[in-house]
Amino acid sequence: MSLDLVKADEHFIHVYNRAVCFVKGEDVYLYDDEGKKYLDFTAGIAVNALGYSNDELKNGIKDQVDKILHTSNLYFNEPAIKASKYIADATGLDKVFFTNSGAEAIEGALKLARRYAYDKNPNSKGEIIAMNNSFHGRTMGSLSVTGTEHYRTPFEPLIGGVKFANYNDLDSVKALITDDTCAIIMETVQGEGGLTPANEDFIKGVRKLCDENDIAMILDEIQCGMGRTGYMYAYQKYGVKPDIVTTAKALGCGVPVGAFVANAKFALSLVPGDHGTTYGGNPLATAAVCKVYEIFEKENILDHVNEIAEYFDEALKGVMSRHSDKITGVRGTGLMRGLAFSEEYKAADVVKACLDKGVVVIIAGGNVLRMVPPLVIKKEHVDELVKVLDEVL
Ligand SMILES: *Cc1c(COP(=O)(O)O)cnc(C)c1O
């Protein structure tokens with residue numbers, strides 16, 4: 001590594017332990033500053049769904065740079081109009097608000113739920129039920145609903161009125177509902193927490209609870225949305241629809257953009273002056289969103305995910321059977337997968353060894369190795385991953 005890591009970190013606030021500097025991507029491979037090639041099973045954490053060589057995406061972004069980068073949300077812009085329609089169609093919901101990140105989409109979703117409750121009762125305490133082991137982001141609001149102690153504790157007091165239930169345990173959710181509850185928020189598939197999909201009974205039960213109490217069901221699909229589970233949005237597998245969904249990560253495939261999307265009933269409670277953003281949904285970001293949706297459609301990305309996910313699943317089960325002394329379970333769904341390790345083996349060490357051997361994977365909570373590759377990976381890439389995993393283990 002030619003890069004001097006100490007020097008490189010000199011002017012960064014040290015919140016990441018970085019060891020590599022990627023300078024280029026091609027297909028589903030990354031190259032570092034020394035020209036070393038890596039197979040990418042991380043995709044910038046579930047962002048680069050289309051890999052690194054999609055010319056249509058790149059050219060769409062370049063064309064927009066030549067037209068106009070930014071106006072303001074005081075005015076309409078053409079790519080945003082088109083993108084809002086694509087998102088409404090894809091989610092089955094009515095109204096979109098664009099943000100710059102996932103965390104901001106969560107902030108907006110929480111504000112919307114509280115605004116709806118306030119309209120009904122200005123004295124509502126606006127309580128929110130969130131899940132243990134969840135991850136919703138790093139801002140004060142999104143951290144307030146993130147169910148991981150060590151992320152939260154140093155930054156308390158966070159926003160009030162948040163209670164934590166256990167994921168996939170409907171009774172634990174029921175026990176927390178009061179007249180002041182305004183929302184239940186959860187990931188459709190927990191990502192950072194360890195690649196855990198919602199059980200069908202649980203997600204349907206939460207839907208029913210929200211209907212009965214006239215409160216917002218918020219599904220965070222920032223990581224599991226955009227085709228990663230083989231459905232455009234993961235909740236579509238269960239035949240349930242949230243009141244509010246958050247989307248980001250692969251939404252712009254590398255251009256920073258997110259959104260919260262709501263049905264009309266909830267969305268109409270926000271009125272001019274209630275919420276806003278300078279950059280959110282600017283022409284550059286939403287031009288990327290338009291291209292992403294168009295390419296997903298044209299290249300049948302969902303069909304491809306479903307096909308390759310089956311192969312990937314078999315391959316991971318094979319890895320587990322060959323290393324059953326170390327691996328305790330295959331987690332996740334679609335192209336959002338994990339390998340859980342027994343206590344004596346640290347997933348973080350496996351991640352590091354894979355990186356040395358030219359494969360990029362990451363960790364998730366609960367000693368899990370997480371794989372969220374570009375959705376365009378092929379069987380040969382799965383084979384390449386498996387070969388390295390076998391060597392490393
Ligand atoms: C990444 C992530 C977020 C936060 O998104 P940022 O763009 O990093 O703010 C929120 N929820 C889930 C499920 C995520 O995976």
# chains A, B, ... in the order shown; residues from 1 in each chain; ligands from 1
call {"tool": "closest_atom_pairs", "arguments": {"of": "chain A", "to": "ligand 1", "cutoff": "7 Å", "atoms": "only C-alpha atoms and all ligand atoms", "output": "CSV"}}
result
residue,atom,partner,partner_atom_place_in_ligand_line,distance
A:Ser101,CA,ligand 1,7 (O),3.9
A:Gly102,CA,ligand 1,5 (O),3.3
A:Ala103,CA,ligand 1,9 (O),3.6
A:Glu104,CA,ligand 1,9 (O),6.4
A:Phe135,CA,ligand 1,11 (N),5.4
A:His136,CA,ligand 1,11 (N),3.6
A:Gly137,CA,ligand 1,4 (C),3.9
A:Arg138,CA,ligand 1,9 (O),6.5
A:Glu187,CA,ligand 1,13 (C),5.9
A:Gln190,CA,ligand 1,13 (C),6.7
A:Gly191,CA,ligand 1,15 (O),5.8
A:Glu192,CA,ligand 1,15 (O),6.3
A:Asp220,CA,ligand 1,13 (C),5.6
A:Glu221,CA,ligand 1,13 (C),6.0
A:Ile222,CA,ligand 1,12 (C),4.8
A:Gln223,CA,ligand 1,15 (O),4.2
A:Ala248,CA,ligand 1,7 (O),6.3
A:Lys249,CA,ligand 1,7 (O),6.1
call {"tool": "residues_around", "arguments": {"residues": "Val28 (chain A)", "least_positions_apart": "5", "cutoff": "12 Å", "atoms": "only C-alpha atoms", "output": "PyMOL selection string"}}
result
chain A and resi 37-44+48-54+359-360+372-378+380-382+384-385
call {"tool": "closest_atom_pairs", "arguments": {"of": "region 165-238 of chain A", "to": "region 285-293 of chain A", "cutoff": "12 Å", "atoms": "only C-alpha atoms", "output": "JSON lines"}}
result
{"residue": "A:Met226", "atom": "CA", "partner": "A:Tyr293", "partner_atom": "CA", "distance": 8.9}
{"residue": "A:Gly227", "atom": "CA", "partner": "A:Tyr293", "partner_atom": "CA", "distance": 10.3}
{"residue": "A:Met232", "atom": "CA", "partner": "A:Tyr293", "partner_atom": "CA", "distance": 9.9}
call {"tool": "closest_residue", "arguments": {"among": "A:Ala198, A:Leu316, A:Ile218, A:Leu355", "to": "Gly329 (chain A)", "atoms": "only C-alpha atoms"}}
result
A:Leu316
call {"tool": "closest_residue", "arguments": {"among": "A:Phe155, A:Tyr238, A:Phe202, A:Phe260", "to": "Gly108 (chain A)", "atoms": "only C-alpha atoms"}}
result
A:Phe260
call {"tool": "select_by_dssp", "arguments": {"residues": "region 133-323 of chain A", "states": "helix (DSSP H, G or I)", "output": "PyMOL selection string"}}
result
chain A and resi 140-144+149-155+170-174+200-213+234-237+249-251+264-267+283-298+301-322
call {"tool": "write_last_selection", "arguments": {"atoms": "C-alpha atoms", "output": "mmCIF file, in the first residue's frame"}}
result
data_model
loop_
_atom_site.group_PDB
_atom_site.id
_atom_site.type_symbol
_atom_site.label_atom_id
_atom_site.label_comp_id
_atom_site.auth_asym_id
_atom_site.auth_seq_id
_atom_site.Cartn_x
_atom_site.Cartn_y
_atom_site.Cartn_z
ATOM 1 C CA MET A 140 -30.444 12.865 16.542
ATOM 2 C CA GLY A 141 -33.899 11.822 15.334
ATOM 3 C CA SER A 142 -32.834 8.686 13.476
ATOM 4 C CA LEU A 143 -30.505 7.727 16.345
ATOM 5 C CA SER A 144 -33.446 8.095 18.724
ATOM 6 C CA GLU A 149 -27.184 1.048 23.073
ATOM 7 C CA HIS A 150 -23.591 1.860 22.217
ATOM 8 C CA TYR A 151 -24.617 4.105 19.302
ATOM 9 C CA ARG A 152 -27.106 5.970 21.487
ATOM 10 C CA THR A 153 -25.813 6.337 25.024
ATOM 11 C CA PRO A 154 -23.025 8.913 24.470
ATOM 12 C CA PHE A 155 -25.464 11.238 22.722
ATOM 13 C CA LEU A 170 -45.779 -8.846 18.132
ATOM 14 C CA ASP A 171 -46.757 -9.089 21.808
ATOM 15 C CA SER A 172 -43.807 -6.918 22.766
ATOM 16 C CA VAL A 173 -45.092 -4.256 20.351
ATOM 17 C CA LYS A 174 -48.681 -4.511 21.578
ATOM 18 C CA GLU A 200 -45.003 -12.633 7.834
ATOM 19 C CA ASP A 201 -47.213 -12.805 10.949
ATOM 20 C CA PHE A 202 -45.239 -10.030 12.582
ATOM 21 C CA ILE A 203 -45.379 -7.534 9.716
ATOM 22 C CA LYS A 204 -49.067 -8.252 9.131
ATOM 23 C CA GLY A 205 -49.726 -7.912 12.846
ATOM 24 C CA VAL A 206 -47.974 -4.537 12.932
ATOM 25 C CA ARG A 207 -50.069 -3.416 9.950
ATOM 26 C CA LYS A 208 -53.220 -4.401 11.827
ATOM 27 C CA LEU A 209 -52.121 -2.615 15.016
ATOM 28 C CA CYS A 210 -51.459 0.569 13.061
ATOM 29 C CA ASP A 211 -54.875 0.368 11.377
ATOM 30 C CA GLU A 212 -56.686 -0.248 14.647
ATOM 31 C CA ASN A 213 -54.965 2.664 16.353
ATOM 32 C CA ALA A 234 -39.279 -5.790 0.407
ATOM 33 C CA TYR A 235 -42.765 -5.319 1.908
ATOM 34 C CA GLN A 236 -44.267 -6.293 -1.458
ATOM 35 C CA LYS A 237 -43.382 -9.892 -0.702
ATOM 36 C CA LYS A 249 -28.846 3.937 -0.588
ATOM 37 C CA ALA A 250 -29.377 2.349 -4.052
ATOM 38 C CA LEU A 251 -31.981 4.965 -4.998
ATOM 39 C CA ALA A 264 -52.194 10.644 0.927
ATOM 40 C CA LYS A 265 -53.849 10.243 4.319
ATOM 41 C CA PHE A 266 -50.588 10.902 6.155
ATOM 42 C CA ALA A 267 -48.825 13.030 3.549
ATOM 43 C CA PRO A 283 -31.899 18.040 -10.562
ATOM 44 C CA LEU A 284 -28.581 16.168 -10.385
ATOM 45 C CA ALA A 285 -29.776 13.726 -7.724
ATOM 46 C CA THR A 286 -33.186 13.112 -9.254
ATOM 47 C CA ALA A 287 -31.759 12.684 -12.760
ATOM 48 C CA ALA A 288 -29.815 9.776 -11.275
ATOM 49 C CA VAL A 289 -32.987 8.415 -9.629
ATOM 50 C CA CYS A 290 -34.822 8.511 -12.974
ATOM 51 C CA LYS A 291 -32.031 6.640 -14.708
ATOM 52 C CA VAL A 292 -31.856 4.034 -11.948
ATOM 53 C CA TYR A 293 -35.575 3.220 -12.248
ATOM 54 C CA GLU A 294 -35.418 3.178 -16.052
ATOM 55 C CA ILE A 295 -32.432 0.825 -16.048
ATOM 56 C CA PHE A 296 -34.043 -1.473 -13.451
ATOM 57 C CA GLU A 297 -37.017 -1.819 -15.771
ATOM 58 C CA LYS A 298 -35.084 -2.146 -19.011
ATOM 59 C CA ILE A 301 -32.959 -6.321 -12.554
ATOM 60 C CA LEU A 302 -35.598 -7.947 -10.326
ATOM 61 C CA ASP A 303 -35.669 -11.138 -12.421
ATOM 62 C CA HIS A 304 -31.909 -11.240 -12.349
ATOM 63 C CA VAL A 305 -31.818 -10.796 -8.554
ATOM 64 C CA ASN A 306 -34.288 -13.632 -8.060
ATOM 65 C CA GLU A 307 -32.262 -15.937 -10.256
ATOM 66 C CA ILE A 308 -28.852 -15.158 -8.825
ATOM 67 C CA ALA A 309 -30.150 -15.073 -5.225
ATOM 68 C CA GLU A 310 -31.090 -18.732 -5.439
ATOM 69 C CA TYR A 311 -27.607 -19.640 -6.642
ATOM 70 C CA PHE A 312 -26.056 -17.436 -3.942
ATOM 71 C CA ASP A 313 -28.195 -19.112 -1.282
ATOM 72 C CA GLU A 314 -27.057 -22.586 -2.329
ATOM 73 C CA ALA A 315 -23.452 -21.414 -2.426
ATOM 74 C CA LEU A 316 -23.629 -19.959 1.098
ATOM 75 C CA LYS A 317 -25.218 -23.131 2.446
ATOM 76 C CA GLY A 318 -22.297 -24.997 0.888
ATOM 77 C CA VAL A 319 -19.809 -22.718 2.648
ATOM 78 C CA MET A 320 -21.600 -23.278 5.938
ATOM 79 C CA SER A 321 -21.596 -27.056 5.549
ATOM 80 C CA ARG A 322 -17.855 -27.070 4.844
#
call {"tool": "residues_around", "arguments": {"residues": "Ala88 (chain A)", "least_positions_apart": "6", "cutoff": "9 Å", "atoms": "only C-alpha atoms", "output": "PyMOL selection string"}}
result
chain A and resi 94-96+261-262
call {"tool": "write_last_selection", "arguments": {"atoms": "N, CA and C atoms", "output": "PDB file, in the first residue's frame"}}
result
ATOM      1  N   ASP A  94     -48.407   7.535  -2.466  1.00  0.00           N
ATOM      2  CA  ASP A  94     -48.883   8.696  -3.221  1.00  0.00           C
ATOM      3  C   ASP A  94     -47.907   9.867  -3.346  1.00  0.00           C
ATOM      4  N   LYS A  95     -47.192  10.164  -2.268  1.00  0.00           N
ATOM      5  CA  LYS A  95     -46.480  11.449  -2.205  1.00  0.00           C
ATOM      6  C   LYS A  95     -45.046  11.267  -1.717  1.00  0.00           C
ATOM      7  N   VAL A  96     -44.133  11.988  -2.368  1.00  0.00           N
ATOM      8  CA  VAL A  96     -42.695  11.817  -2.137  1.00  0.00           C
ATOM      9  C   VAL A  96     -42.075  13.107  -1.623  1.00  0.00           C
ATOM     10  N   VAL A 261     -41.754   8.534   1.595  1.00  0.00           N
ATOM     11  CA  VAL A 261     -42.877   8.405   0.678  1.00  0.00           C
ATOM     12  C   VAL A 261     -44.083   8.014   1.519  1.00  0.00           C
ATOM     13  N   ALA A 262     -45.227   8.631   1.298  1.00  0.00           N
ATOM     14  CA  ALA A 262     -46.370   8.358   2.180  1.00  0.00           C
ATOM     15  C   ALA A 262     -47.661   8.250   1.393  1.00  0.00           C
TER      16      ALA A 262
END
call {"tool": "select_by_dssp", "arguments": {"residues": "region 74-244 of chain A", "states": "strand (DSSP E or B)", "output": "VMD selection string"}}
result
chain A and resid 95 to 99 127 to 131 162 to 165 181 to 187 189 to 190 196 to 197 216 to 220 244
call {"tool": "residues_around", "arguments": {"residues": "Tyr116 (chain A)", "least_positions_apart": "3", "cutoff": "12 Å", "atoms": "only C-alpha atoms", "output": "JSON, numbers by chain"}}
result
{"A": [109, 110, 111, 112, 113, 119, 120, 121, 122, 124, 126, 181, 182, 183, 214, 215, 216, 243, 244, 262, 263, 264, 265, 266, 267, 268, 269, 270, 271, 274]}
call {"tool": "write_last_selection", "arguments": {"atoms": "N, CA, C and O atoms", "output": "CSV table (one decimal), in the first residue's frame"}}
result
chain,number,residue,atom,x,y,z
A,109,ALA,N,-39.9,11.1,8.0
A,109,ALA,CA,-41.0,10.1,8.3
A,109,ALA,C,-41.5,10.3,9.7
A,109,ALA,O,-42.7,10.3,10.0
A,110,LEU,N,-40.6,10.6,10.6
A,110,LEU,CA,-41.0,10.7,12.0
A,110,LEU,C,-41.7,12.0,12.2
A,110,LEU,O,-42.8,12.1,12.9
A,111,LYS,N,-41.3,13.1,11.5
A,111,LYS,CA,-42.0,14.4,11.6
A,111,LYS,C,-43.4,14.2,11.1
A,111,LYS,O,-44.4,14.8,11.6
A,112,LEU,N,-43.5,13.5,10.0
A,112,LEU,CA,-44.8,13.3,9.3
A,112,LEU,C,-45.8,12.6,10.3
A,112,LEU,O,-47.0,13.0,10.4
A,113,ALA,N,-45.3,11.5,10.9
A,113,ALA,CA,-46.1,10.7,11.8
A,113,ALA,C,-46.6,11.6,13.0
A,113,ALA,O,-47.8,11.6,13.4
A,119,ASP,N,-52.5,16.8,14.4
A,119,ASP,CA,-53.7,17.3,13.8
A,119,ASP,C,-54.9,16.7,14.5
A,119,ASP,O,-56.0,17.3,14.7
A,120,LYS,N,-54.8,15.4,14.9
A,120,LYS,CA,-55.9,14.8,15.6
A,120,LYS,C,-56.0,15.2,17.0
A,120,LYS,O,-57.1,15.3,17.6
A,121,ASN,N,-54.9,15.4,17.7
A,121,ASN,CA,-54.9,15.8,19.1
A,121,ASN,C,-53.6,16.6,19.4
A,121,ASN,O,-52.5,16.1,19.6
A,122,PRO,N,-53.7,18.0,19.5
A,122,PRO,CA,-52.6,18.8,19.7
A,122,PRO,C,-51.8,18.5,21.0
A,122,PRO,O,-50.7,18.9,21.2
A,124,SER,N,-51.2,15.3,22.0
A,124,SER,CA,-50.6,14.0,21.8
A,124,SER,C,-49.1,14.1,22.2
A,124,SER,O,-48.4,15.0,21.8
A,126,GLY,N,-47.0,12.0,21.1
A,126,GLY,CA,-46.2,11.6,19.9
A,126,GLY,C,-45.2,10.5,20.1
A,126,GLY,O,-44.1,10.5,19.6
A,181,THR,N,-49.3,6.8,21.2
A,181,THR,CA,-48.5,6.3,20.2
A,181,THR,C,-48.9,6.9,18.9
A,181,THR,O,-50.0,7.0,18.5
A,182,CYS,N,-47.8,7.4,18.1
A,182,CYS,CA,-48.1,7.9,16.8
A,182,CYS,C,-47.5,7.1,15.6
A,182,CYS,O,-47.9,7.3,14.5
A,183,ALA,N,-46.6,6.2,15.9
A,183,ALA,CA,-46.0,5.5,14.9
A,183,ALA,C,-45.3,4.2,15.4
A,183,ALA,O,-44.8,4.1,16.5
A,214,ASP,N,-55.0,3.9,14.2
A,214,ASP,CA,-54.8,5.0,13.4
A,214,ASP,C,-53.5,5.7,13.6
A,214,ASP,O,-53.4,6.9,13.8
A,215,ILE,N,-52.4,4.9,13.5
A,215,ILE,CA,-51.1,5.4,13.7
A,215,ILE,C,-50.2,5.0,12.5
A,215,ILE,O,-50.6,4.1,11.7
A,216,ALA,N,-49.1,5.6,12.3
A,216,ALA,CA,-48.3,5.4,11.1
A,216,ALA,C,-47.5,4.1,11.2
A,216,ALA,O,-46.7,3.9,12.1
A,243,ASP,N,-47.7,3.0,5.7
A,243,ASP,CA,-48.2,4.3,5.5
A,243,ASP,C,-47.1,5.2,5.0
A,243,ASP,O,-47.3,6.1,4.2
A,244,ILE,N,-45.9,4.9,5.5
A,244,ILE,CA,-44.7,5.7,5.1
A,244,ILE,C,-43.6,4.8,4.9
A,244,ILE,O,-43.4,3.8,5.7
A,262,ALA,N,-45.2,8.6,1.3
A,262,ALA,CA,-46.4,8.4,2.2
A,262,ALA,C,-47.7,8.3,1.4
A,262,ALA,O,-47.8,8.8,0.3
A,263,ASN,N,-48.6,7.6,2.0
A,263,ASN,CA,-50.0,7.6,1.4
A,263,ASN,C,-50.6,9.0,1.6
A,263,ASN,O,-50.1,9.7,2.5
A,264,ALA,N,-51.6,9.3,0.9
A,264,ALA,CA,-52.2,10.6,0.9
A,264,ALA,C,-52.7,11.0,2.3
A,264,ALA,O,-52.5,12.1,2.8
A,265,LYS,N,-53.3,10.0,3.0
A,265,LYS,CA,-53.8,10.2,4.3
A,265,LYS,C,-52.8,10.9,5.2
A,265,LYS,O,-53.1,11.9,5.9
A,266,PHE,N,-51.6,10.3,5.3
A,266,PHE,CA,-50.6,10.9,6.2
A,266,PHE,C,-49.9,12.1,5.5
A,266,PHE,O,-49.7,13.1,6.1
A,267,ALA,N,-49.6,12.0,4.2
A,267,ALA,CA,-48.8,13.0,3.5
A,267,ALA,C,-49.5,14.4,3.6
A,267,ALA,O,-48.8,15.4,3.8
A,268,LEU,N,-50.8,14.4,3.6
A,268,LEU,CA,-51.5,15.7,3.5
A,268,LEU,C,-51.5,16.4,4.8
A,268,LEU,O,-51.9,17.6,4.8
A,269,SER,N,-51.0,15.8,5.9
A,269,SER,CA,-50.9,16.6,7.1
A,269,SER,C,-49.7,17.5,7.1
A,269,SER,O,-49.7,18.5,7.9
A,270,LEU,N,-48.8,17.3,6.2
A,270,LEU,CA,-47.7,18.3,6.1
A,270,LEU,C,-48.1,19.4,5.2
A,270,LEU,O,-48.5,19.2,4.1
A,271,VAL,N,-47.9,20.7,5.6
A,271,VAL,CA,-48.4,21.8,4.8
A,271,VAL,C,-47.2,22.8,4.6
A,271,VAL,O,-46.2,22.7,5.3
A,274,ASP,N,-43.9,23.5,7.0
A,274,ASP,CA,-43.7,22.4,7.9
A,274,ASP,C,-42.3,21.7,7.8
A,274,ASP,O,-41.8,21.1,8.7
call {"tool": "atom_distance", "arguments": {"atom1": "CA of Gly365 (chain A)", "atom2": "CA of His323 (chain A)"}}
result
20.4 Å
call {"tool": "residues_around", "arguments": {"residues": "Leu339 (chain A)", "least_positions_apart": "6", "cutoff": "10 Å", "atoms": "only C-alpha atoms", "output": "list in words"}}
result
Gly194, Leu195, Leu316, Lys317, Val319, Met320, Lys326, Ile327, Thr328, Gly329, Val330, Arg331, Gly332, Ala347, Ile363, Ala364, Asn367, Val368, Leu369, Arg370 and Met371 of chain A
call {"tool": "write_last_selection", "arguments": {"atoms": "N, CA and C atoms", "output": "mmCIF file, in the first residue's frame"}}
result
data_model
loop_
_atom_site.group_PDB
_atom_site.id
_atom_site.type_symbol
_atom_site.label_atom_id
_atom_site.label_comp_id
_atom_site.auth_asym_id
_atom_site.auth_seq_id
_atom_site.Cartn_x
_atom_site.Cartn_y
_atom_site.Cartn_z
ATOM 1 N N GLY A 194 -28.079 -7.469 11.679
ATOM 2 C CA GLY A 194 -27.701 -8.869 11.491
ATOM 3 C C GLY A 194 -28.475 -9.624 10.424
ATOM 4 N N LEU A 195 -29.064 -8.908 9.458
ATOM 5 C CA LEU A 195 -29.720 -9.544 8.294
ATOM 6 C C LEU A 195 -30.904 -10.424 8.714
ATOM 7 N N LEU A 316 -23.907 -20.289 -0.306
ATOM 8 C CA LEU A 316 -23.629 -19.959 1.098
ATOM 9 C C LEU A 316 -23.900 -21.158 2.003
ATOM 10 N N LYS A 317 -24.939 -21.917 1.661
ATOM 11 C CA LYS A 317 -25.218 -23.131 2.446
ATOM 12 C C LYS A 317 -24.059 -24.116 2.302
ATOM 13 N N VAL A 319 -20.894 -23.252 1.811
ATOM 14 C CA VAL A 319 -19.809 -22.718 2.648
ATOM 15 C C VAL A 319 -20.049 -23.109 4.105
ATOM 16 N N MET A 320 -21.280 -22.952 4.535
ATOM 17 C CA MET A 320 -21.600 -23.278 5.938
ATOM 18 C C MET A 320 -21.356 -24.755 6.235
ATOM 19 N N LYS A 326 -17.326 -23.236 12.388
ATOM 20 C CA LYS A 326 -17.181 -21.784 12.562
ATOM 21 C C LYS A 326 -18.477 -21.023 12.296
ATOM 22 N N ILE A 327 -19.235 -21.489 11.292
ATOM 23 C CA ILE A 327 -20.435 -20.760 10.874
ATOM 24 C C ILE A 327 -21.670 -21.367 11.526
ATOM 25 N N THR A 328 -22.477 -20.515 12.143
ATOM 26 C CA THR A 328 -23.663 -21.016 12.855
ATOM 27 C C THR A 328 -24.954 -20.804 12.078
ATOM 28 N N GLY A 329 -24.902 -19.981 11.026
ATOM 29 C CA GLY A 329 -26.133 -19.774 10.275
ATOM 30 C C GLY A 329 -25.944 -18.921 9.038
ATOM 31 N N VAL A 330 -26.790 -19.161 8.041
ATOM 32 C CA VAL A 330 -26.850 -18.310 6.851
ATOM 33 C C VAL A 330 -28.044 -17.387 7.045
ATOM 34 N N ARG A 331 -27.813 -16.088 6.940
ATOM 35 C CA ARG A 331 -28.857 -15.119 7.252
ATOM 36 C C ARG A 331 -29.325 -14.353 6.017
ATOM 37 N N GLY A 332 -30.470 -13.707 6.157
ATOM 38 C CA GLY A 332 -30.918 -12.743 5.160
ATOM 39 C C GLY A 332 -31.720 -13.343 4.025
ATOM 40 N N ALA A 347 -16.268 -12.250 13.036
ATOM 41 C CA ALA A 347 -16.609 -11.904 11.648
ATOM 42 C C ALA A 347 -15.687 -10.807 11.139
ATOM 43 N N ILE A 363 -19.109 -6.207 7.989
ATOM 44 C CA ILE A 363 -19.753 -6.901 9.102
ATOM 45 C C ILE A 363 -21.136 -6.325 9.355
ATOM 46 N N ALA A 364 -21.922 -7.060 10.115
ATOM 47 C CA ALA A 364 -23.183 -6.574 10.661
ATOM 48 C C ALA A 364 -23.183 -6.962 12.131
ATOM 49 N N ASN A 367 -22.017 -10.537 15.269
ATOM 50 C CA ASN A 367 -20.919 -11.345 14.722
ATOM 51 C C ASN A 367 -21.275 -11.961 13.367
ATOM 52 N N VAL A 368 -21.830 -11.137 12.507
ATOM 53 C CA VAL A 368 -22.273 -11.588 11.188
ATOM 54 C C VAL A 368 -21.429 -10.923 10.098
ATOM 55 N N LEU A 369 -21.003 -11.722 9.120
ATOM 56 C CA LEU A 369 -20.349 -11.191 7.927
ATOM 57 C C LEU A 369 -21.457 -10.858 6.922
ATOM 58 N N ARG A 370 -21.472 -9.608 6.467
ATOM 59 C CA ARG A 370 -22.580 -9.126 5.613
ATOM 60 C C ARG A 370 -22.135 -9.006 4.160
ATOM 61 N N MET A 371 -23.007 -9.454 3.252
ATOM 62 C CA MET A 371 -22.740 -9.343 1.816
ATOM 63 C C MET A 371 -23.922 -8.657 1.140
#
call {"tool": "residues_around", "arguments": {"residues": "Asn73 (chain A)", "least_positions_apart": "3", "cutoff": "9 Å", "atoms": "only C-alpha atoms", "output": "VMD selection string"}}
result
chain A and resid 76 to 77 276 to 282
call {"tool": "atom_distance", "arguments": {"atom1": "CA of Asp66 (chain A)", "atom2": "CA of Ile81 (chain A)"}}
result
18.8 Å
call {"tool": "atom_distance", "arguments": {"atom1": "CA of Leu3 (chain A)", "atom2": "CA of Val361 (chain A)"}}
result
21.1 Å
